[in-house]
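> Structure in structure tokens, see below.
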Amino acid sequence: MDDRIHEPAIDIEAIRWERINLIIEGRVANRTAGDAFDPASLRLVHAERDGDVPPTHASIVDGCLTLRINVMQGPDLQPLTPGHWRLVVAAPGVGLGVGDPGRLADPTLAVTFRLRRGVFSARPMLDHHGRLVLDVGFERRAGFDHRGGFVRRLRSRATHPLGALRGSILRGLVRSFKALPGESGPRILFSSDTGASLSGNLKAVHDRMVERGLHHRYHLDVLLRGGPTRERTLGERLRLPWRLATADVIVIDDFQPVIHRFGDHPGVRIIQLWHAAGAFKTVGYSRVGKPGGPDPYSRVHKNYTYAIVSSDHDVRFYSEAFGIREARVVPTGIPRMDRFFDPAAAAAGLRAAHAAFPASDGRFTILFAPTFRGETPRDATYDLSRIDYAALHAVCVEKDAVVIIRMHPFVTEPLAIPAACADRILDGSTTALDVNDLLFAVDLLVTDYSSIVFEFSTLGRPMLFYAWDLEDYIAGRDFYEPFESFVPGRIVSTFPELLDAIRRNEYEADKVAEFATRHFAHLDGGASDRVIDELILDKAG
């Protein structure tokens, strides 16, 4: 009896690119072999040199194979090196074939990414043995050597002579301090560059640890910069390496250059509690090859031990954005959103919102909260000419409504609401009220590309999307999923359309519940506890 496992043929039914990911979908034609085929055994192996890496994702469900290969996440989380990368199965007796080679003739399967140091290219193809391979190429830009940028490094050192050495000095000091005896007991460092006090996810987790009395068992340290553009004092710079070196767990909620320069240190867990909920606009390494996109050869974000997300649906997007393996992205939920599922906290938020905006109490309340345009806080803008205050005020009078306009914090241009409209149109950009508290008073959210849709969806209330520059925004920033099918509400492109939708109550609100279910694995108030128990105490204890 021949008990050998015959090589399964994978009939590729779809093959395409999503940003930096090659997506392969097919069917295991040989079901006998397919039953023994473990997708976790798939590896990408370089044909000419040492090096192998698993696909970013591999699964078989009912005989259907799904593969996702992130070409920027090769060995050591670096882009795949040039040459042929062959898909092999790391199991005896099982191989991988292709059912219909003609599908690989599609010219759109050859992609290029223009990087700072050169042009990276990739395309799936069959080698001369008829095996599926990913052909990777790289054409280096003049002035870059094999180490990644001789000319660039010289320019950097000439312009920022101390900045080029900062990372190596910091890592050296941290290593030295780690060798010194320190205080007994695990130390958890909450670090942020965004403000002078803890806020958002960091505050939610820190305060919950105190509520549970964990500050008696662990040293809870707080390291704040006071703002992303604020320069640290000499004393702060001198104390910084010591505070990093003595931490067993470092918890952050945004990009912090110092954490990137800190590097990888055995025994130290770095947990990224990213401030946004869900995955909407592309960020981080998802923007490789786009204007302003990062260098995929850098180590920024890649030393995170874990990052959190709100649901399994968003794991792959955060893995892509941070350049880390999917196993390091954990769907705990968003700590600062625990209040959305706490009736007492919701009632307190509603009272705070009505206290800040008395005109909203008892009236239909609309929040207009668009995101900014631009690449950085310094060039952030919003085209205020897109708002017709007089026409908006007229609709508010018709519906006995008020509109609170809250621009993104990066947008500093004042709203200049006309005095005649100020009884119904309220400036929410200057209030100290937390936007999450404000949402409890809102009956209708009007936004565009802001991640505020995730938080608001848990309240089950309607939304409108005023996307007057959608095509330009897609070209410059893009989304993880098609905007038109992603957003849980009606899309309008002109201000008259927006006003008409409000007047007629045409919101497509039936999309909201399904959106919330898809993007929140835990519609409860336990995200902070999950972060503490699964990611912090598991290590620090």
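Every chain in the structure tokens has a letter given in the order shown (A, B, ...), and although residue numbers restart at 1 in each chain, ligands are simply numbered from 1 in the order shown.
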So which residues touch range 272-285 of chain A within 7 Å, counting only C-alpha atoms, skipping near sequence neighbours fewer than 5 positions away, as number ranges by chain?

A: 200-201, 251-254, 294, 296, 304, 306-310, 314, 317, 320-323, 334, 451, 454, 477-480, 519

> Could you dump the residues just selected with C-alpha atoms as a PDB file, in the first residue's frame?


ATOM      1  CA  GLY A 200      -6.379  58.164  26.866  1.00  0.00           C
ATOM      2  CA  ASN A 201      -5.368  54.523  27.024  1.00  0.00           C
ATOM      3  CA  VAL A 251       3.638  51.114  28.054  1.00  0.00           C
ATOM      4  CA  ILE A 252       3.123  53.780  25.350  1.00  0.00           C
ATOM      5  CA  ASP A 253       0.158  55.022  23.290  1.00  0.00           C
ATOM      6  CA  ASP A 254       1.690  56.722  20.253  1.00  0.00           C
ATOM      7  CA  PRO A 294       8.484  55.517   6.021  1.00  0.00           C
ATOM      8  CA  PRO A 296      10.824  49.968   5.498  1.00  0.00           C
ATOM      9  CA  TYR A 304       7.077  46.448  20.211  1.00  0.00           C
ATOM     10  CA  TYR A 306       2.748  43.714  21.730  1.00  0.00           C
ATOM     11  CA  ALA A 307       0.287  46.151  20.220  1.00  0.00           C
ATOM     12  CA  ILE A 308      -3.416  46.162  20.975  1.00  0.00           C
ATOM     13  CA  VAL A 309      -6.445  46.425  18.689  1.00  0.00           C
ATOM     14  CA  SER A 310     -10.197  46.389  19.135  1.00  0.00           C
ATOM     15  CA  ASP A 314      -8.026  44.774  12.551  1.00  0.00           C
ATOM     16  CA  PHE A 317      -3.790  46.134   9.543  1.00  0.00           C
ATOM     17  CA  GLU A 320       1.238  45.835   8.643  1.00  0.00           C
ATOM     18  CA  ALA A 321       1.379  49.394  10.004  1.00  0.00           C
ATOM     19  CA  PHE A 322       3.874  48.608  12.793  1.00  0.00           C
ATOM     20  CA  GLY A 323       5.947  46.116  10.818  1.00  0.00           C
ATOM     21  CA  ILE A 334      -9.420  49.849  23.691  1.00  0.00           C
ATOM     22  CA  SER A 451     -11.387  57.269  13.494  1.00  0.00           C
ATOM     23  CA  PHE A 454     -15.307  53.571  15.886  1.00  0.00           C
ATOM     24  CA  ARG A 477      -3.427  58.797   2.193  1.00  0.00           C
ATOM     25  CA  ASP A 478      -5.711  55.901   1.260  1.00  0.00           C
ATOM     26  CA  PHE A 479      -7.642  53.515   3.505  1.00  0.00           C
ATOM     27  CA  TYR A 480      -7.272  49.928   4.630  1.00  0.00           C
ATOM     28  CA  HIS A 519     -14.702  46.136  14.757  1.00  0.00           C
TER      29      HIS A 519
END

> Residues near range 492-505 of chain A, anyone? I mean within 8 Å using only C-alpha atoms, not counting same-chain ones fewer than 2 positions away, as an MDAnalysis selection string.

chainID A and resid 386:388 391:392 395 399 464:469 490 507

> Show me, as JSON, numbers by chain, the residues that have an atom within 8 Å of Tyr389 in chain A when counting only C-alpha atoms, minus same-chain residues fewer than 5 positions from it.

{"A": [417, 418, 421, 425]}

> Need to verify the contact set: Leu22 in chain A, 12 Å, only C-alpha atoms, exclusion of same-chain residues closer than 4 positions in sequence. Can you return it as a VMD selection string?

chain A and resid 14 to 18 55 to 58 66 to 73 108 to 111 122 to 124 133 to 135

> Go ahead and write the selection's residues with N, CA and C atoms as a short mmCIF file (atom, residue, chain, number, x, y, z; two decimals), in the first residue's frame.


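Below you can see again32.cif, which holds the result:
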data_model
loop_
_atom_site.label_atom_id
_atom_site.label_comp_id
_atom_site.auth_asym_id
_atom_site.auth_seq_id
_atom_site.Cartn_x
_atom_site.Cartn_y
_atom_site.Cartn_z
N ALA A 14 -7.62 33.45 -7.01
CA ALA A 14 -7.45 34.91 -6.99
C ALA A 14 -6.05 35.20 -6.49
N ILE A 15 -5.43 36.17 -7.10
CA ILE A 15 -4.11 36.62 -6.66
C ILE A 15 -4.04 38.13 -6.94
N ARG A 16 -3.68 38.88 -5.93
CA ARG A 16 -3.72 40.33 -6.07
C ARG A 16 -2.81 40.97 -5.01
N TRP A 17 -2.63 42.26 -5.13
CA TRP A 17 -1.86 43.03 -4.15
C TRP A 17 -2.78 43.94 -3.35
N GLU A 18 -2.54 44.02 -2.07
CA GLU A 18 -3.15 45.03 -1.21
C GLU A 18 -2.00 45.77 -0.53
N PRO A 55 4.79 33.07 5.77
CA PRO A 55 3.88 34.10 5.25
C PRO A 55 3.27 34.87 6.42
N THR A 56 2.85 36.08 6.17
CA THR A 56 2.23 36.87 7.22
C THR A 56 0.99 36.17 7.76
N HIS A 57 0.27 35.50 6.89
CA HIS A 57 -0.94 34.77 7.29
C HIS A 57 -1.12 33.59 6.36
N ALA A 58 -1.52 32.44 6.92
CA ALA A 58 -1.83 31.26 6.12
C ALA A 58 -2.91 30.46 6.82
N THR A 66 -5.93 30.57 2.09
CA THR A 66 -5.70 32.02 2.03
C THR A 66 -4.28 32.30 2.52
N LEU A 67 -3.51 32.96 1.67
CA LEU A 67 -2.14 33.34 2.03
C LEU A 67 -2.01 34.85 1.93
N ARG A 68 -1.29 35.43 2.87
CA ARG A 68 -0.96 36.85 2.82
C ARG A 68 0.54 36.97 3.05
N ILE A 69 1.23 37.57 2.09
CA ILE A 69 2.68 37.71 2.16
C ILE A 69 3.02 39.20 2.16
N ASN A 70 3.51 39.70 3.28
CA ASN A 70 3.94 41.09 3.39
C ASN A 70 5.41 41.14 2.98
N VAL A 71 5.67 41.76 1.83
CA VAL A 71 7.03 41.73 1.29
C VAL A 71 7.99 42.62 2.08
N MET A 72 7.44 43.44 2.98
CA MET A 72 8.28 44.28 3.82
C MET A 72 8.55 43.64 5.19
N GLN A 73 8.04 42.42 5.39
CA GLN A 73 8.25 41.71 6.65
C GLN A 73 8.96 40.40 6.38
N THR A 108 -0.69 43.26 -13.79
CA THR A 108 -0.83 44.05 -12.57
C THR A 108 -0.20 43.35 -11.36
N LEU A 109 0.21 42.10 -11.53
CA LEU A 109 0.84 41.39 -10.42
C LEU A 109 2.30 41.79 -10.23
N ALA A 110 2.84 42.54 -11.17
CA ALA A 110 4.20 43.07 -11.02
C ALA A 110 4.09 44.47 -10.41
N VAL A 111 4.62 44.64 -9.20
CA VAL A 111 4.48 45.91 -8.49
C VAL A 111 5.85 46.49 -8.17
N ALA A 122 8.45 43.46 -7.00
CA ALA A 122 8.08 42.08 -6.67
C ALA A 122 7.01 41.61 -7.63
N ARG A 123 7.06 40.33 -7.97
CA ARG A 123 6.01 39.73 -8.79
C ARG A 123 6.01 38.22 -8.58
N PRO A 124 4.82 37.64 -8.47
CA PRO A 124 4.73 36.17 -8.38
C PRO A 124 4.90 35.56 -9.77
N VAL A 133 7.02 31.05 -7.15
CA VAL A 133 8.04 31.84 -6.47
C VAL A 133 7.64 33.31 -6.52
N LEU A 134 8.21 34.06 -5.61
CA LEU A 134 8.05 35.51 -5.60
C LEU A 134 9.38 36.10 -6.02
N ASP A 135 9.39 36.74 -7.18
CA ASP A 135 10.62 37.32 -7.71
C ASP A 135 10.76 38.74 -7.17
#

> Run DSSP on the backbone of this structure and report the residues of range 203-363 of chain A it assigns to strand (DSSP E or B), as a ChimeraX atom specification.

/A:219-224,249-252,269-272,281,306-308,329-330

> If you keep C-alpha atoms, can you produce a file of those selected residues as a PDB file, in the first residue's frame?


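Dumped to result.pdb:
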ATOM      1  CA  HIS A 219       6.335  50.341  40.848  1.00  0.00           C
ATOM      2  CA  LEU A 220       4.164  52.468  38.543  1.00  0.00           C
ATOM      3  CA  ASP A 221       6.381  55.116  36.974  1.00  0.00           C
ATOM      4  CA  VAL A 222       5.255  57.909  34.633  1.00  0.00           C
ATOM      5  CA  LEU A 223       7.510  59.523  32.015  1.00  0.00           C
ATOM      6  CA  LEU A 224       6.020  62.534  30.216  1.00  0.00           C
ATOM      7  CA  VAL A 249       7.434  46.866  31.120  1.00  0.00           C
ATOM      8  CA  ILE A 250       7.153  50.057  29.057  1.00  0.00           C
ATOM      9  CA  VAL A 251       3.638  51.114  28.054  1.00  0.00           C
ATOM     10  CA  ILE A 252       3.123  53.780  25.350  1.00  0.00           C
ATOM     11  CA  ARG A 269       8.308  44.247  27.306  1.00  0.00           C
ATOM     12  CA  ILE A 270       7.171  47.225  25.223  1.00  0.00           C
ATOM     13  CA  ILE A 271       3.408  47.476  24.836  1.00  0.00           C
ATOM     14  CA  GLN A 272       1.887  49.851  22.296  1.00  0.00           C
ATOM     15  CA  LYS A 281      -6.630  55.563   7.304  1.00  0.00           C
ATOM     16  CA  TYR A 306       2.748  43.714  21.730  1.00  0.00           C
ATOM     17  CA  ALA A 307       0.287  46.151  20.220  1.00  0.00           C
ATOM     18  CA  ILE A 308      -3.416  46.162  20.975  1.00  0.00           C
ATOM     19  CA  VAL A 329      -1.099  42.190  17.845  1.00  0.00           C
ATOM     20  CA  VAL A 330      -3.682  41.351  20.500  1.00  0.00           C
TER      21      VAL A 330
END

> Out of range 374-430 of chain A, which residues get helix (DSSP H, G or I) from DSSP, as a ChimeraX atom specification?

/A:377-379,384-386,389-399,419-421

> Select, from A:Pro358, A:Gly74, A:Gly489, A:Gly63, the residue with the minimum atom-to-atom distance to Asp423 in chain A, counting only C-alpha atoms.

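Nearest candidate to Asp423 in chain A out of A:Pro358, A:Gly74, A:Gly489, A:Gly63: A:Pro358.
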
> Residues near Met337 in chain A, anyone? I mean within 12 Å using only C-alpha atoms, not counting same-chain ones fewer than 3 positions away, as a ChimeraX atom specification.

/A:200-205,275-278,309-310,332-334,340-342,345-346,435-437,439,452,454-459,520,522-528

> Can you list, as a list of chain:residue names, every protein, DNA or RNA residue that comes within 12 Å of Ala355 in chain A when you count only C-alpha atoms, leaving out same-chain residues fewer than 5 positions away?

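Residues near the query, excluding close chain neighbours: A:Ala348, A:Gly349, A:Leu350, A:Ser360, A:Asp361, A:Thr431, A:Ala432, A:Leu433, A:Asp437, A:Leu438, A:Ala441.
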
> Could those residues be written to a file, using N, CA and C atoms, as a PDB file, in the first residue's frame?


ATOM      1  N   ALA A 348     -22.055  60.433  33.656  1.00  0.00           N
ATOM      2  CA  ALA A 348     -21.153  61.524  34.043  1.00  0.00           C
ATOM      3  C   ALA A 348     -20.660  62.267  32.813  1.00  0.00           C
ATOM      4  N   GLY A 349     -20.366  61.539  31.741  1.00  0.00           N
ATOM      5  CA  GLY A 349     -19.936  62.176  30.500  1.00  0.00           C
ATOM      6  C   GLY A 349     -21.013  63.049  29.908  1.00  0.00           C
ATOM      7  N   LEU A 350     -22.255  62.570  29.957  1.00  0.00           N
ATOM      8  CA  LEU A 350     -23.365  63.355  29.437  1.00  0.00           C
ATOM      9  C   LEU A 350     -23.539  64.640  30.235  1.00  0.00           C
ATOM     10  N   SER A 360     -26.980  72.442  24.181  1.00  0.00           N
ATOM     11  CA  SER A 360     -27.246  71.108  23.637  1.00  0.00           C
ATOM     12  C   SER A 360     -28.250  70.332  24.470  1.00  0.00           C
ATOM     13  N   ASP A 361     -28.472  70.746  25.710  1.00  0.00           N
ATOM     14  CA  ASP A 361     -29.367  70.024  26.608  1.00  0.00           C
ATOM     15  C   ASP A 361     -30.813  70.162  26.121  1.00  0.00           C
ATOM     16  N   THR A 431     -12.686  73.826  23.860  1.00  0.00           N
ATOM     17  CA  THR A 431     -13.067  73.301  25.162  1.00  0.00           C
ATOM     18  C   THR A 431     -12.082  72.243  25.643  1.00  0.00           C
ATOM     19  N   ALA A 432     -11.963  72.140  26.958  1.00  0.00           N
ATOM     20  CA  ALA A 432     -11.102  71.114  27.545  1.00  0.00           C
ATOM     21  C   ALA A 432     -11.844  69.797  27.711  1.00  0.00           C
ATOM     22  N   LEU A 433     -13.117  69.757  27.370  1.00  0.00           N
ATOM     23  CA  LEU A 433     -13.921  68.550  27.530  1.00  0.00           C
ATOM     24  C   LEU A 433     -13.364  67.427  26.660  1.00  0.00           C
ATOM     25  N   ASP A 437     -16.343  62.140  26.274  1.00  0.00           N
ATOM     26  CA  ASP A 437     -17.473  62.596  27.079  1.00  0.00           C
ATOM     27  C   ASP A 437     -18.493  63.307  26.203  1.00  0.00           C
ATOM     28  N   LEU A 438     -18.007  64.104  25.264  1.00  0.00           N
ATOM     29  CA  LEU A 438     -18.904  64.842  24.375  1.00  0.00           C
ATOM     30  C   LEU A 438     -19.800  63.908  23.576  1.00  0.00           C
ATOM     31  N   ALA A 441     -23.490  63.065  24.424  1.00  0.00           N
ATOM     32  CA  ALA A 441     -24.555  64.048  24.193  1.00  0.00           C
ATOM     33  C   ALA A 441     -24.919  64.178  22.723  1.00  0.00           C
TER      34      ALA A 441
END

> Using only C-alpha atoms, find the one residue out of A:Gly293, A:Gly267, A:Pro331, A:Pro377 that sits nearest to Thr305 in chain A.

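Of A:Gly293, A:Gly267, A:Pro331, A:Pro377, the one nearest Thr305 in chain A is A:Gly267, counting only C-alpha atoms.
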
> Please identify all polymer residues within 9 Å of Arg373 in chain A, counting only C-alpha atoms, omitting same-chain residues fewer than 4 positions from it, and present them as a PyMOL selection string.

chain A and resi 379-383+411+473

> Given the selection you just returned, output its residues as a file containing C-alpha atoms, formatted as an mmCIF file, in the first residue's frame.


data_model
loop_
_atom_site.group_PDB
_atom_site.id
_atom_site.type_symbol
_atom_site.label_atom_id
_atom_site.label_comp_id
_atom_site.auth_asym_id
_atom_site.auth_seq_id
_atom_site.Cartn_x
_atom_site.Cartn_y
_atom_site.Cartn_z
ATOM 1 C CA ASP A 379 1.071 71.756 8.245
ATOM 2 C CA ALA A 380 -2.343 70.518 9.437
ATOM 3 C CA THR A 381 -5.313 72.416 7.959
ATOM 4 C CA TYR A 382 -9.007 72.133 7.192
ATOM 5 C CA ASP A 383 -10.719 74.155 4.447
ATOM 6 C CA VAL A 411 -5.876 72.434 13.212
ATOM 7 C CA TYR A 473 -7.553 61.835 0.052
#

> To one decimal place, how far is CA of Pro409 in chain A from CA of Pro370 in chain A in Å?

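Between CA of Pro409 in chain A and CA of Pro370 in chain A the gap works out to 10.6 Å.
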
> In Å to one decimal, how far is CA of Leu367 in chain A from CA of Glu413 in chain A?

18.4 Å

> Nearest to Asp100 in chain A: which of A:Val136, A:Phe410, A:Gly118, A:Ile12 is it, counting only C-alpha atoms?

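The answer is A:Ile12, which sits nearest to Asp100 in chain A.
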
> Go ahead and compute the interatomic distance for CA of Ile536 in chain A and CA of Gly172 in chain A, in Å to one decimal.

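So the answer is 25.7 Å.
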
> Would you mind telling me which residue in A:Pro266, A:Pro291, A:Pro107, A:Gly476 lies nearest to Asn303 in chain A when using only C-alpha atoms?

A:Pro266

> For Ala245 in chain A, which residue out of A:Leu189, A:Arg86, A:Gly130, A:Ser286 is the nearest one, using only C-alpha atoms?

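Residue with the minimum atom-to-atom distance to Ala245 in chain A: A:Leu189.
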
> Pick out the closest residue to Pro343 in chain A from this set: A:Pro414, A:Phe440, A:Arg232, A:Val403. Count only C-alpha atoms.

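The closest residue to Pro343 in chain A is A:Phe440.
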